[in-house]
Structure formats: C-alpha cells, structure tokens
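Contents: one structure, followed by commentary.
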Amino acid sequence: MIVDDEESQKLFRIDGSLSDEKERQANHFAAALIMPKKAVGEVWEKLKDVDACAKVFSVSVDAMSIRLSNLDFLD
C-alpha cells in the first residue's frame with residue numbers, strides 16, 4: 001500500500017516492499033541520477049561520514065547508506 005504523507009510531502013510504502021522489478025530499476029536509476037558514482041566517491045573520500053554525505057546530496061541518511069553500500073564504499 002502506498003501512503004501519501006502530506007506533512008512531509010512524501011509517498012512511501014507502509015509494507016516496506018518493492019512492488020516489482022520495474023520499481024527496483026526506477027529506484028536504482030534515481031539513485032544513480034542524484035548520487036552519481038564519481039561524485040559520491042569524491043565526497044566520500046573527503047568526508048568519510050554518511051550523514052555529511054547525505055547533506056551534500058540532499059538525500060536521506062538511509063538513501064545515502066544504501067548508495068554507498070551498493071557502490072562498495074562501506075565496509
């Protein structure tokens with residue numbers, strides 16, 4: 001189920017699951033678009049802090065953590 005949270009102006013799933021492969025691909029594309037590998041690598045090398053990197057890219061700490069993990073920057 002998708003919920004529209006008017007207060008934070010976000011759509012999210014309350015069950016925490018992805019609906020299908022297309023949604024997963026769309027999420028991957030969006031992450032690559034707003035957090036390009038080269039830029040993330042450069043910022044990560046300077047800061048080495050997930051919270052600080054998230055602020056640089058204006059994304060949530062969770063989104064930044066996932067991107068860093070997917071790019072193998074986190075141990």
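Residue numbers start at 1 in each chain; chains themselves are named A, B, ... in the order of the structure tokens; ligands are numbered from 1 in the order shown.
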Got a sec: who's within 12 Å of range 47-64 of chain A, counting only C-alpha atoms, leaving out chain neighbours fewer than 2 positions off, as a list in words? Asn27, His28, Ala30, Ala31, Ala32, Leu33, Ile34, Met35, Pro36, Lys37, Ala39, Val40, Gly41, Glu42, Val43, Trp44, Glu45, Ile66, Arg67, Leu68, Ser69, Asn70, Leu71, Phe73, Leu74 and Asp75 of chain A
Write the selection just made, keeping N, CA and C atoms, as a PDB file, in the first residue's frame?
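Done, and the output landed in part.pdb:
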ATOM      1  N   ASN A  27      14.181   2.933  -8.889  1.00  0.00           N
ATOM      2  CA  ASN A  27      14.902   3.399  -7.705  1.00  0.00           C
ATOM      3  C   ASN A  27      16.402   3.429  -7.950  1.00  0.00           C
ATOM      4  N   HIS A  28      16.915   2.408  -8.630  1.00  0.00           N
ATOM      5  CA  HIS A  28      18.340   2.364  -8.953  1.00  0.00           C
ATOM      6  C   HIS A  28      18.724   3.522  -9.872  1.00  0.00           C
ATOM      7  N   ALA A  30      17.153   6.410 -10.237  1.00  0.00           N
ATOM      8  CA  ALA A  30      17.039   7.673  -9.493  1.00  0.00           C
ATOM      9  C   ALA A  30      18.254   7.886  -8.592  1.00  0.00           C
ATOM     10  N   ALA A  31      18.691   6.838  -7.925  1.00  0.00           N
ATOM     11  CA  ALA A  31      19.867   6.952  -7.056  1.00  0.00           C
ATOM     12  C   ALA A  31      21.106   7.320  -7.860  1.00  0.00           C
ATOM     13  N   ALA A  32      21.278   6.689  -9.019  1.00  0.00           N
ATOM     14  CA  ALA A  32      22.431   6.991  -9.872  1.00  0.00           C
ATOM     15  C   ALA A  32      22.354   8.408 -10.430  1.00  0.00           C
ATOM     16  N   LEU A  33      21.172   8.881 -10.671  1.00  0.00           N
ATOM     17  CA  LEU A  33      20.976  10.225 -11.216  1.00  0.00           C
ATOM     18  C   LEU A  33      21.297  11.303 -10.185  1.00  0.00           C
ATOM     19  N   ILE A  34      20.815  11.141  -8.977  1.00  0.00           N
ATOM     20  CA  ILE A  34      21.021  12.196  -7.972  1.00  0.00           C
ATOM     21  C   ILE A  34      22.271  11.986  -7.127  1.00  0.00           C
ATOM     22  N   MET A  35      22.846  10.776  -7.206  1.00  0.00           N
ATOM     23  CA  MET A  35      24.081  10.479  -6.469  1.00  0.00           C
ATOM     24  C   MET A  35      25.042   9.738  -7.401  1.00  0.00           C
ATOM     25  N   PRO A  36      25.594  10.435  -8.405  1.00  0.00           N
ATOM     26  CA  PRO A  36      26.480   9.769  -9.366  1.00  0.00           C
ATOM     27  C   PRO A  36      27.702   9.144  -8.686  1.00  0.00           C
ATOM     28  N   LYS A  37      28.125   7.997  -9.198  1.00  0.00           N
ATOM     29  CA  LYS A  37      29.221   7.243  -8.594  1.00  0.00           C
ATOM     30  C   LYS A  37      30.474   8.098  -8.398  1.00  0.00           C
ATOM     31  N   ALA A  39      30.886  11.380  -8.230  1.00  0.00           N
ATOM     32  CA  ALA A  39      30.682  12.444  -7.237  1.00  0.00           C
ATOM     33  C   ALA A  39      30.600  11.865  -5.828  1.00  0.00           C
ATOM     34  N   VAL A  40      29.896  10.759  -5.683  1.00  0.00           N
ATOM     35  CA  VAL A  40      29.787  10.118  -4.369  1.00  0.00           C
ATOM     36  C   VAL A  40      31.166   9.687  -3.890  1.00  0.00           C
ATOM     37  N   GLY A  41      31.950   9.112  -4.780  1.00  0.00           N
ATOM     38  CA  GLY A  41      33.292   8.681  -4.418  1.00  0.00           C
ATOM     39  C   GLY A  41      34.170   9.843  -3.958  1.00  0.00           C
ATOM     40  N   GLU A  42      34.091  10.949  -4.668  1.00  0.00           N
ATOM     41  CA  GLU A  42      34.889  12.124  -4.305  1.00  0.00           C
ATOM     42  C   GLU A  42      34.476  12.692  -2.947  1.00  0.00           C
ATOM     43  N   VAL A  43      33.179  12.799  -2.728  1.00  0.00           N
ATOM     44  CA  VAL A  43      32.675  13.326  -1.458  1.00  0.00           C
ATOM     45  C   VAL A  43      32.991  12.356  -0.322  1.00  0.00           C
ATOM     46  N   TRP A  44      32.818  11.062  -0.574  1.00  0.00           N
ATOM     47  CA  TRP A  44      33.087  10.064   0.459  1.00  0.00           C
ATOM     48  C   TRP A  44      34.564  10.092   0.868  1.00  0.00           C
ATOM     49  N   GLU A  45      35.456  10.216  -0.094  1.00  0.00           N
ATOM     50  CA  GLU A  45      36.892  10.256   0.214  1.00  0.00           C
ATOM     51  C   GLU A  45      37.243  11.444   1.112  1.00  0.00           C
ATOM     52  N   ILE A  66      22.485   3.298   1.530  1.00  0.00           N
ATOM     53  CA  ILE A  66      22.238   2.276   0.509  1.00  0.00           C
ATOM     54  C   ILE A  66      23.119   2.520  -0.709  1.00  0.00           C
ATOM     55  N   ARG A  67      23.212   3.770  -1.150  1.00  0.00           N
ATOM     56  CA  ARG A  67      24.039   4.092  -2.320  1.00  0.00           C
ATOM     57  C   ARG A  67      25.512   3.787  -2.036  1.00  0.00           C
ATOM     58  N   LEU A  68      26.009   4.193  -0.893  1.00  0.00           N
ATOM     59  CA  LEU A  68      27.397   3.919  -0.532  1.00  0.00           C
ATOM     60  C   LEU A  68      27.656   2.412  -0.461  1.00  0.00           C
ATOM     61  N   SER A  69      26.717   1.687   0.084  1.00  0.00           N
ATOM     62  CA  SER A  69      26.852   0.241   0.178  1.00  0.00           C
ATOM     63  C   SER A  69      26.849  -0.394  -1.210  1.00  0.00           C
ATOM     64  N   ASN A  70      25.919   0.027  -2.058  1.00  0.00           N
ATOM     65  CA  ASN A  70      25.840  -0.508  -3.422  1.00  0.00           C
ATOM     66  C   ASN A  70      27.083  -0.212  -4.237  1.00  0.00           C
ATOM     67  N   LEU A  71      27.752   0.882  -3.928  1.00  0.00           N
ATOM     68  CA  LEU A  71      28.980   1.250  -4.629  1.00  0.00           C
ATOM     69  C   LEU A  71      30.229   0.670  -3.945  1.00  0.00           C
ATOM     70  N   PHE A  73      31.500   1.374  -1.031  1.00  0.00           N
ATOM     71  CA  PHE A  73      32.298   2.330  -0.281  1.00  0.00           C
ATOM     72  C   PHE A  73      32.250   2.061   1.226  1.00  0.00           C
ATOM     73  N   LEU A  74      31.223   1.349   1.654  1.00  0.00           N
ATOM     74  CA  LEU A  74      31.113   0.999   3.082  1.00  0.00           C
ATOM     75  C   LEU A  74      31.664  -0.399   3.299  1.00  0.00           C
ATOM     76  N   ASP A  75      32.298  -0.590   4.442  1.00  0.00           N
ATOM     77  CA  ASP A  75      32.867  -1.919   4.768  1.00  0.00           C
ATOM     78  C   ASP A  75      31.785  -2.890   5.148  1.00  0.00           C
TER      79      ASP A  75
END
